[in-house]
>>> print(open('entry.cif').read())   # mmCIF, C-alpha atoms and all ligand atoms
data_input
loop_
_atom_site.label_atom_id
_atom_site.label_comp_id
_atom_site.auth_asym_id
_atom_site.auth_seq_id
_atom_site.Cartn_x
_atom_site.Cartn_y
_atom_site.Cartn_z
CA MET A 1 -17.42 20.69 -12.54
CA LYS A 2 -16.68 19.83 -16.16
CA LYS A 3 -12.99 18.84 -16.09
CA ILE A 4 -11.09 16.85 -13.48
CA GLY A 5 -7.52 15.54 -13.24
CA VAL A 6 -6.07 12.30 -11.88
CA LEU A 7 -2.51 11.48 -10.80
CA THR A 8 -0.61 8.70 -9.04
CA SER A 9 2.09 9.70 -6.54
CA GLY A 10 4.56 8.24 -4.04
CA GLY A 11 5.25 4.48 -4.01
CA ASP A 12 3.43 2.54 -6.73
CA ALA A 13 0.98 -0.22 -5.89
CA PRO A 14 -0.91 -2.84 -7.92
CA GLY A 15 -4.46 -1.60 -8.46
CA MET A 16 -3.46 1.98 -9.22
CA ASN A 17 -4.21 1.43 -12.91
CA ALA A 18 -7.60 -0.07 -12.10
CA ALA A 19 -8.30 3.05 -9.99
CA VAL A 20 -7.24 5.41 -12.81
CA ARG A 21 -9.57 3.50 -15.14
CA ALA A 22 -12.44 3.79 -12.66
CA VAL A 23 -11.89 7.54 -12.22
CA VAL A 24 -11.71 8.16 -15.97
CA ARG A 25 -14.75 6.09 -16.88
CA SER A 26 -16.92 7.19 -13.92
CA ALA A 27 -16.26 10.82 -14.87
CA ILE A 28 -16.87 10.36 -18.61
CA TYR A 29 -20.06 8.42 -17.78
CA ARG A 30 -21.23 11.59 -15.99
CA GLY A 31 -20.26 13.91 -18.88
CA VAL A 32 -17.04 15.12 -17.25
CA GLU A 33 -13.67 15.32 -19.06
CA VAL A 34 -10.63 13.74 -17.40
CA TYR A 35 -6.98 14.75 -17.67
CA GLY A 36 -4.16 12.41 -16.70
CA VAL A 37 -1.26 14.11 -14.90
CA TYR A 38 1.99 12.19 -15.53
CA HIS A 39 4.77 11.63 -12.96
CA GLY A 40 2.74 12.71 -9.92
CA TYR A 41 3.08 16.29 -8.67
CA LYS A 42 6.11 16.77 -10.94
CA GLY A 43 3.80 16.57 -13.95
CA LEU A 44 1.52 19.11 -12.36
CA ILE A 45 4.40 21.59 -12.23
CA THR A 46 5.81 20.84 -15.68
CA GLY A 47 2.37 20.64 -17.30
CA ASN A 48 2.78 16.99 -18.32
CA ILE A 49 -0.98 16.64 -18.62
CA LYS A 50 -3.06 14.86 -21.28
CA LYS A 51 -6.76 14.36 -21.85
CA LEU A 52 -7.79 10.73 -21.32
CA GLU A 53 -10.54 9.08 -23.33
CA VAL A 54 -12.40 5.86 -22.52
CA SER A 55 -10.04 3.81 -24.72
CA ASP A 56 -6.88 5.29 -23.11
CA VAL A 57 -7.66 3.29 -19.98
CA GLY A 58 -8.57 0.09 -21.83
CA ASP A 59 -6.47 -3.02 -21.17
CA ILE A 60 -4.97 -1.65 -17.93
CA VAL A 61 -7.32 -3.05 -15.26
CA GLN A 62 -5.11 -6.15 -14.96
CA ARG A 63 -1.73 -4.39 -15.04
CA GLY A 64 0.46 -3.62 -12.04
CA GLY A 65 2.35 -0.34 -11.73
CA THR A 66 0.81 2.86 -13.04
CA ILE A 67 0.43 4.05 -16.65
CA LEU A 68 0.54 7.63 -15.32
CA TYR A 69 3.96 6.91 -13.75
CA THR A 70 4.77 8.09 -10.27
CA ALA A 71 7.46 10.31 -8.84
CA ARG A 72 8.53 12.12 -5.73
CA CYS A 73 8.65 15.89 -6.16
CA GLU A 74 10.42 18.16 -3.66
CA GLU A 75 9.43 21.31 -5.56
CA PHE A 76 5.76 20.65 -4.85
CA LYS A 77 6.53 20.96 -1.13
CA THR A 78 7.33 24.66 -1.69
CA GLU A 79 4.73 27.43 -2.02
CA GLU A 80 6.28 28.50 -5.32
CA GLY A 81 6.00 24.95 -6.71
CA ARG A 82 2.35 24.69 -5.72
CA ALA A 83 1.58 28.12 -7.24
CA ILE A 84 2.97 26.88 -10.58
CA ALA A 85 0.87 23.69 -10.23
CA ILE A 86 -2.32 25.73 -9.71
CA GLU A 87 -1.47 27.84 -12.77
CA GLN A 88 -1.08 24.70 -14.88
CA LEU A 89 -4.39 23.30 -13.65
CA LYS A 90 -6.08 26.60 -14.56
CA LYS A 91 -4.46 26.58 -17.98
CA PHE A 92 -6.08 23.22 -18.72
CA GLY A 93 -9.38 24.29 -17.16
CA ILE A 94 -9.16 21.48 -14.58
CA GLU A 95 -11.39 22.12 -11.56
CA GLY A 96 -10.79 19.12 -9.30
CA LEU A 97 -8.14 16.45 -8.76
CA VAL A 98 -8.04 12.80 -7.66
CA VAL A 99 -4.72 11.84 -6.04
CA ILE A 100 -3.92 8.12 -5.77
CA GLY A 101 -1.05 7.55 -3.33
CA GLY A 102 0.04 7.40 0.29
CA ASP A 103 -0.12 9.86 3.18
CA GLY A 104 2.66 12.09 1.76
CA SER A 105 0.69 12.46 -1.44
CA PHE A 106 -2.46 13.27 0.53
CA MET A 107 -0.59 16.04 2.36
CA GLY A 108 0.18 17.54 -1.05
CA GLY A 109 -3.51 17.21 -1.95
CA VAL A 110 -4.56 18.96 1.26
CA LYS A 111 -2.24 21.87 0.43
CA LEU A 112 -3.97 22.22 -2.95
CA THR A 113 -7.38 22.11 -1.27
CA GLN A 114 -6.25 24.86 1.12
CA LEU A 115 -5.35 26.95 -1.93
CA GLY A 116 -8.97 26.59 -3.07
CA PHE A 117 -8.41 23.63 -5.42
CA PRO A 118 -10.64 20.62 -4.53
CA THR A 119 -8.74 17.36 -4.13
CA ILE A 120 -9.84 13.84 -3.16
CA GLY A 121 -7.39 11.05 -2.18
CA ILE A 122 -7.47 7.30 -2.87
CA PRO A 123 -5.15 5.21 -0.64
CA GLY A 124 -2.76 3.33 -2.91
CA THR A 125 0.12 1.63 -1.10
CA ILE A 126 1.01 -2.00 -0.48
CA ASP A 127 1.89 -1.34 3.18
CA ASN A 128 -1.71 -0.87 4.41
CA ASP A 129 -0.35 1.93 6.61
CA ILE A 130 -3.17 4.45 6.18
CA PRO A 131 -5.51 5.10 9.13
CA GLU A 132 -9.30 4.69 9.04
CA THR A 133 -9.37 2.29 6.12
CA ASP A 134 -9.41 -1.49 6.50
CA PHE A 135 -7.40 -1.89 3.31
CA THR A 136 -5.31 0.17 0.92
CA LEU A 137 -5.06 -0.56 -2.80
CA GLY A 138 -2.27 -3.03 -3.51
CA PHE A 139 -2.11 -4.62 -0.06
CA ASP A 140 -4.02 -7.75 -1.05
CA THR A 141 -1.93 -8.24 -4.20
CA ALA A 142 1.37 -7.79 -2.35
CA LEU A 143 0.16 -10.17 0.34
CA ASN A 144 -0.62 -12.83 -2.25
CA THR A 145 2.81 -12.32 -3.85
CA ILE A 146 4.41 -12.87 -0.45
CA ILE A 147 2.34 -15.99 0.24
CA ASP A 148 3.28 -17.41 -3.14
CA ALA A 149 6.98 -16.81 -2.44
CA ILE A 150 6.78 -18.29 1.06
CA ASP A 151 5.00 -21.40 -0.22
CA LYS A 152 7.90 -21.93 -2.62
CA ILE A 153 10.49 -21.31 0.06
CA ARG A 154 8.64 -23.73 2.31
CA ASP A 155 9.08 -26.52 -0.27
CA THR A 156 12.83 -26.18 -0.20
CA ALA A 157 12.86 -25.53 3.56
CA THR A 158 11.04 -28.83 4.13
CA SER A 159 13.27 -30.80 1.77
CA HIS A 160 16.42 -29.63 3.51
CA GLU A 161 14.82 -29.27 6.98
CA ARG A 162 15.90 -25.65 7.11
CA ARG A 163 14.86 -22.56 9.00
CA PHE A 164 14.12 -19.52 6.85
CA ILE A 165 13.92 -15.86 7.75
CA ILE A 166 11.94 -13.86 5.21
CA GLU A 167 12.02 -10.06 5.09
CA VAL A 168 8.96 -8.31 3.72
CA MET A 169 8.07 -4.64 3.18
CA GLY A 170 6.46 -2.52 5.88
CA ARG A 171 8.42 0.26 7.57
CA GLY A 172 5.99 1.63 10.12
CA CYS A 173 3.21 -0.92 9.66
CA GLY A 174 3.61 -4.69 10.01
CA ASP A 175 0.36 -5.69 8.29
CA LEU A 176 2.05 -7.42 5.34
CA ALA A 177 4.20 -9.49 7.71
CA MET A 178 1.34 -10.20 10.10
CA TRP A 179 -1.19 -11.27 7.46
CA ALA A 180 1.45 -13.30 5.61
CA GLY A 181 2.48 -14.95 8.88
CA LEU A 182 -1.10 -15.86 9.66
CA ALA A 183 -1.77 -17.09 6.13
CA ASP A 184 1.40 -19.15 6.03
CA GLY A 185 1.72 -20.42 9.59
CA ALA A 186 5.01 -18.70 10.40
CA GLU A 187 6.73 -19.61 13.69
CA SER A 188 7.37 -15.97 14.53
CA ILE A 189 6.25 -12.65 13.08
CA LEU A 190 8.44 -9.64 13.80
CA ILE A 191 6.62 -6.35 13.28
CA PRO A 192 7.25 -2.76 14.39
CA GLU A 193 4.02 -2.53 16.42
CA THR A 194 5.09 -5.05 19.05
CA LYS A 195 8.30 -6.49 20.41
CA GLU A 196 9.21 -10.16 20.26
CA ASP A 197 12.32 -11.03 22.28
CA LEU A 198 15.02 -13.28 20.97
CA ASP A 199 14.49 -15.93 23.68
CA THR A 200 10.87 -16.38 22.57
CA ILE A 201 11.87 -16.64 18.91
CA VAL A 202 14.45 -19.32 19.69
CA GLU A 203 12.06 -21.13 22.03
CA ARG A 204 9.41 -21.31 19.31
CA LEU A 205 11.97 -22.62 16.80
CA ASN A 206 13.12 -25.30 19.24
CA ARG A 207 9.57 -26.31 20.02
CA GLY A 208 8.96 -26.88 16.28
CA ILE A 209 12.15 -28.90 15.92
CA GLU A 210 11.29 -31.04 18.98
CA ARG A 211 7.95 -32.05 17.56
CA GLY A 212 9.57 -33.00 14.26
CA LYS A 213 8.66 -29.95 12.20
CA LYS A 214 10.55 -30.04 8.91
CA HIS A 215 10.54 -26.35 8.16
CA ASN A 216 10.47 -23.16 10.15
CA ILE A 217 9.55 -19.74 8.84
CA ILE A 218 10.14 -16.41 10.54
CA ILE A 219 8.74 -13.30 8.86
CA VAL A 220 10.36 -9.94 9.51
CA ALA A 221 8.85 -6.58 8.53
CA GLU A 222 11.61 -4.28 7.29
CA GLY A 223 10.66 -1.70 9.94
CA VAL A 224 11.99 -4.04 12.65
CA GLY A 225 15.43 -4.37 11.07
CA SER A 226 16.95 -6.61 8.44
CA ALA A 227 16.43 -10.36 8.23
CA ASP A 228 20.24 -10.64 8.22
CA GLU A 229 20.39 -9.03 11.65
CA VAL A 230 17.80 -11.46 12.95
CA ALA A 231 19.73 -14.41 11.47
CA LYS A 232 22.96 -13.22 13.14
CA ALA A 233 21.19 -12.74 16.48
CA ILE A 234 19.73 -16.28 16.34
CA LYS A 235 23.16 -17.69 15.44
CA ALA A 236 24.80 -15.83 18.32
CA LYS A 237 22.11 -16.81 20.82
CA ALA A 238 21.43 -20.45 19.93
CA ASN A 239 24.10 -21.39 17.40
CA MET A 240 21.32 -22.10 14.93
CA ASP A 241 21.82 -21.71 11.19
CA THR A 242 19.12 -20.01 9.16
CA ARG A 243 18.67 -18.93 5.53
CA VAL A 244 17.63 -15.41 4.66
CA THR A 245 15.39 -14.28 1.80
CA VAL A 246 14.65 -10.60 1.22
CA LEU A 247 11.61 -10.38 -1.05
CA GLY A 248 12.21 -6.73 -1.99
CA HIS A 249 10.51 -5.06 -4.93
CA VAL A 250 8.77 -8.16 -6.32
CA GLN A 251 6.19 -7.29 -3.66
CA ARG A 252 5.33 -4.07 -5.51
CA GLY A 253 4.58 -5.58 -8.90
CA GLY A 254 2.23 -8.02 -10.54
CA ALA A 255 -1.35 -8.13 -11.73
CA PRO A 256 -3.74 -6.86 -9.06
CA THR A 257 -5.93 -9.47 -7.37
CA ALA A 258 -9.69 -9.47 -7.91
CA PHE A 259 -10.05 -7.86 -4.48
CA ASP A 260 -7.76 -4.94 -5.40
CA ARG A 261 -9.43 -4.45 -8.78
CA VAL A 262 -12.90 -4.31 -7.26
CA LEU A 263 -11.68 -2.03 -4.46
CA ALA A 264 -10.10 0.26 -7.08
CA ALA A 265 -13.36 0.38 -9.05
CA ARG A 266 -15.38 1.28 -5.96
CA MET A 267 -12.90 3.85 -4.66
CA GLY A 268 -12.34 5.51 -8.04
CA ASN A 269 -16.07 5.81 -8.58
CA LYS A 270 -16.64 7.28 -5.12
CA ALA A 271 -13.83 9.82 -5.59
CA VAL A 272 -15.48 11.16 -8.75
CA GLU A 273 -18.93 11.26 -7.11
CA LEU A 274 -17.57 13.25 -4.18
CA LEU A 275 -15.73 15.77 -6.36
CA LEU A 276 -18.90 16.33 -8.40
CA GLU A 277 -20.88 16.80 -5.18
CA GLY A 278 -18.47 19.60 -4.23
CA GLU A 279 -16.52 17.64 -1.58
CA LYS A 280 -12.80 18.28 -1.05
CA GLY A 281 -9.88 17.39 1.23
CA LYS A 282 -11.23 13.85 1.77
CA MET A 283 -9.76 10.37 1.45
CA ILE A 284 -11.83 7.42 0.26
CA ALA A 285 -11.73 4.42 2.60
CA ILE A 286 -13.24 0.97 2.99
CA GLN A 287 -14.63 0.12 6.41
CA ASN A 288 -16.70 -2.97 7.11
CA ASN A 289 -17.04 -3.41 3.33
CA LYS A 290 -18.59 0.05 2.92
CA ILE A 291 -16.93 2.76 0.84
CA VAL A 292 -16.74 5.90 2.99
CA ALA A 293 -14.76 9.15 3.10
CA HIS A 294 -12.71 10.82 5.83
CA ASP A 295 -11.25 14.28 6.24
CA ILE A 296 -7.56 13.98 5.32
CA LEU A 297 -6.49 16.55 7.95
CA ASP A 298 -8.07 14.38 10.68
CA LEU A 299 -6.25 11.30 9.35
CA LEU A 300 -2.84 12.90 9.42
CA THR A 301 -2.89 12.93 13.23
CA LYS A 302 -3.81 9.22 13.42
CA LYS A 303 -2.02 5.92 12.84
CA HIS A 304 -3.29 2.81 11.12
CA GLU A 305 -4.76 0.66 13.88
CA PHE A 306 -2.76 -2.45 14.78
CA ASN A 307 -5.03 -5.50 14.82
CA LYS A 308 -3.92 -7.14 18.08
CA ASN A 309 -6.49 -9.92 17.75
CA LEU A 310 -5.09 -11.04 14.43
CA TYR A 311 -1.56 -11.01 15.80
CA GLN A 312 -2.65 -13.05 18.82
CA LEU A 313 -4.47 -15.50 16.54
CA ALA A 314 -1.31 -16.00 14.46
CA LYS A 315 0.60 -16.78 17.66
CA GLU A 316 -2.04 -19.21 18.89
CA LEU A 317 -2.14 -21.11 15.61
CA SER A 318 1.63 -21.51 15.38
CA ILE A 319 2.14 -23.15 18.77
P1 LIG B 401 3.55 8.56 -0.27
O1 LIG B 401 2.42 9.27 -0.92
O2 LIG B 401 3.70 7.15 -0.79
O3 LIG B 401 3.50 8.65 1.25
P2 LIG B 401 5.75 10.54 -0.30
O4 LIG B 401 5.70 10.78 1.17
O5 LIG B 401 7.08 10.41 -0.95
O6 LIG B 401 4.93 9.25 -0.77
O7 LIG B 401 4.98 11.76 -0.99
C1 LIG B 401 4.80 11.82 -2.40
C2 LIG B 401 4.88 13.25 -2.88
O8 LIG B 401 3.81 14.01 -2.27
C3 LIG B 401 6.15 14.01 -2.49
O9 LIG B 401 7.23 13.75 -3.35
C4 LIG B 401 5.67 15.45 -2.62
O10 LIG B 401 5.65 15.87 -3.96
C5 LIG B 401 4.24 15.36 -2.09
N1 LIG B 401 4.22 15.72 -0.67
C6 LIG B 401 4.55 14.96 0.40
N2 LIG B 401 4.46 15.63 1.56
C7 LIG B 401 4.07 16.89 1.23
C8 LIG B 401 3.80 18.10 1.97
N3 LIG B 401 3.93 18.12 3.29
N4 LIG B 401 3.42 19.18 1.27
C9 LIG B 401 3.29 19.16 -0.06
N5 LIG B 401 3.53 18.07 -0.81
C10 LIG B 401 3.91 16.95 -0.20
#
>>> encode(input="entry.cif", output="structure tokens")
Amino acid sequence: MKKIGVLTSGGDAPGMNAAVRAVVRSAIYRGVEVYGVYHGYKGLITGNIKKLEVSDVGDIVQRGGTILYTARCEEFKTEEGRAIAIEQLKKFGIEGLVVIGGDGSFMGGVKLTQLGFPTIGIPGTIDNDIPETDFTLGFDTALNTIIDAIDKIRDTATSHERRFIIEVMGRGCGDLAMWAGLADGAESILIPETKEDLDTIVERLNRGIERGKKHNIIIVAEGVGSADEVAKAIKAKANMDTRVTVLGHVQRGGAPTAFDRVLAARMGNKAVELLLEGEKGKMIAIQNNKIVAHDILDLLTKKHEFNKNLYQLAKELSI
């Protein structure tokens, strides 16, 4: 293999740039040319593809977002769209592709592999919702952004002795909420994996108030519903006033943490190694601090494992 491509697809995540850099430099180090595909699968269809040199990925390791841009592309979900994509790849002489994105993007990669075009995936999403990997790229950065915001909210919550409900990202996976709750000592953590009834939430708030706690924080993953709904339910149930903060897209941006940068370096490097070894249809993962690879088709039938112990620990520590 003498030429490979790299693209970022789906939701962006801090650390994607560091992964692009790692792919480009690991390949060039091994005498392989790298082509950047812009705007995800859309760029594959329109031929928005450019050769990347070592210096093209300089000064990006610390930047959030993705210099290759990302997009969602319905046309790539059709056979016709994918046939055009394969033609474009052939035109540029590209023989393998690294896809940095979430499970939707991996599905696209698998379809290319099935058409005889080798593809390797790198999990890049802040939600940490990919199975068989302890962490996805961007999760640690987003988590630290959340913690920073909650610490600030806590200052004002304490000063005014207020209860805050904070909504964080995470549709199907509550890891951001759970880890943030554990790291910040939240009273309650509401996540899609498990149900917390309103009586318990109110009871925990009251317990805090009784022992003179000056601030109370409830974290809600967006997959459970909106923080506004939770605030209304608490008001209706216990006539308690709360303030709502929806963190929104600030969670997606920012300079990647050291953890995400190092993870990106290791995953990008492994993706290139596997492609050059003739592997395809695999996703790079980190498990027990080892960089490994899993068959994407096997992953698509699984869900990211909910860490019950961590959730229980958060509950125990916020008595
Ligand atoms: P994510 O990768 O973050 O899960 P999406 O689910 O939006 O994001 O997927 C990103 C892109 O991957 C889609 O816009 C589409 O181009 C491609 N894709 C997703 N699912 C498929 C599929 N089943 N077949 C082919 N391409 C797909």
>>> residues_around(input="entry.cif", residues="region 98-104 of chain A", least_positions_apart="4", cutoff="7 Å", atoms="only C-alpha atoms", output="list in words")
Gly5, Val6, Leu7, Thr8, Ser9, Gly10, Gly108, Gly109, Thr119, Ile120, Gly121, Ile122, Pro123, Gly124, Thr125, Ile130 and Ala271 of chain A
>>> residues_around(input="entry.cif", residues="Lys235 (chain A)", least_positions_apart="6", cutoff="12 Å", atoms="only C-alpha atoms", output="list in words")
Arg163, Leu198, Ile201, Val202, Asp228, Glu229, Asp241, Thr242 and Arg243 of chain A
>>> atom_distance(input="entry.cif", atom1="CA of Ala177 (chain A)", atom2="CA of Ala221 (chain A)")
5.5 Å
>>> atom_distance(input="entry.cif", atom1="CA of Val262 (chain A)", atom2="CA of Asp56 (chain A)")
19.5 Å
>>> atom_distance(input="entry.cif", atom1="CA of Lys152 (chain A)", atom2="CA of Lys237 (chain A)")
27.9 Å
>>> closest_residue(input="entry.cif", among="A:Ile153, A:Leu68, A:Leu310, A:Leu274", to="Gly181 (chain A)", atoms="all atoms listed in the file")
A:Leu310
>>> closest_residue(input="entry.cif", among="A:Leu317, A:Ile126, A:Ile296, A:Leu247", to="Ala186 (chain A)", atoms="all atoms listed in the file")
A:Leu317
>>> closest_residue(input="entry.cif", among="A:Tyr69, A:Tyr41, A:Phe259, A:Phe106", to="Val20 (chain A)", atoms="all atoms listed in the file")
A:Tyr69
>>> closest_residue(input="entry.cif", among="A:Gly225, A:Gly81, A:Gly254, A:Gly96", to="ligand LIG 401 (chain B)", atoms="all atoms listed in the file")
A:Gly81
>>> residues_around(input="entry.cif", residues="Phe139 (chain A)", least_positions_apart="3", cutoff="7 Å", atoms="all atoms listed in the file", output="MDAnalysis selection string")
chainID A and resid 125:128 135:136 142:143
>>> write_last_selection(input="entry.cif", atoms="C-alpha atoms", output="short mmCIF file (atom, residue, chain, number, x, y, z; two decimals), in the frame of the given file")
data_model
loop_
_atom_site.label_atom_id
_atom_site.label_comp_id
_atom_site.auth_asym_id
_atom_site.auth_seq_id
_atom_site.Cartn_x
_atom_site.Cartn_y
_atom_site.Cartn_z
CA THR A 125 0.12 1.63 -1.10
CA ILE A 126 1.01 -2.00 -0.48
CA ASP A 127 1.89 -1.34 3.18
CA ASN A 128 -1.71 -0.87 4.41
CA PHE A 135 -7.40 -1.89 3.31
CA THR A 136 -5.31 0.17 0.92
CA ALA A 142 1.37 -7.79 -2.35
CA LEU A 143 0.16 -10.17 0.34
#
>>> closest_residue(input="entry.cif", among="A:Ile217, A:Leu97, A:Met240, A:Ile166", to="Glu279 (chain A)", atoms="only C-alpha atoms")
A:Leu97
>>> closest_residue(input="entry.cif", among="A:Thr301, A:Asn216, A:Ser318, A:Asn269", to="Thr156 (chain A)", atoms="all atoms listed in the file")
A:Asn216
>>> residues_near_point(input="entry.cif", point="(5.7, -29.3, 12.0)", cutoff="12 Å", atoms="only C-alpha atoms", output="ChimeraX atom specification")
/A:154,157-158,161-163,185-187,204-217,317-319
>>> residues_near_point(input="entry.cif", point="(-9.4, 21.5, -2.1)", cutoff="10 Å", atoms="only C-alpha atoms", output="MDAnalysis selection string")
chainID A and resid 95:97 109:120 275 278:282
>>> residues_around(input="entry.cif", residues="Glu167 (chain A)", least_positions_apart="4", cutoff="7 Å", atoms="all atoms listed in the file", output="short mmCIF file (atom, residue, chain, number, x, y, z; two decimals) with C-alpha atoms, in the frame of the given file")
data_model
loop_
_atom_site.label_atom_id
_atom_site.label_comp_id
_atom_site.auth_asym_id
_atom_site.auth_seq_id
_atom_site.Cartn_x
_atom_site.Cartn_y
_atom_site.Cartn_z
CA ILE A 219 8.74 -13.30 8.86
CA VAL A 220 10.36 -9.94 9.51
CA ALA A 221 8.85 -6.58 8.53
CA GLU A 222 11.61 -4.28 7.29
CA SER A 226 16.95 -6.61 8.44
CA ALA A 227 16.43 -10.36 8.23
CA THR A 245 15.39 -14.28 1.80
CA VAL A 246 14.65 -10.60 1.22
CA LEU A 247 11.61 -10.38 -1.05
#
>>> axis_aligned_box(input="entry.cif", around="region 131-135 of chain A", padding_each_side="6 Å", output="JSON")
{"center_x": -7.5, "center_y": 1.6, "center_z": 6.2, "size_x": 15.9, "size_y": 19.0, "size_z": 17.8}
>>> residues_around(input="entry.cif", residues="His39 (chain A)", least_positions_apart="2", cutoff="6 Å", atoms="all atoms listed in the file", output="MDAnalysis selection string")
chainID A and resid 42:43 69:71
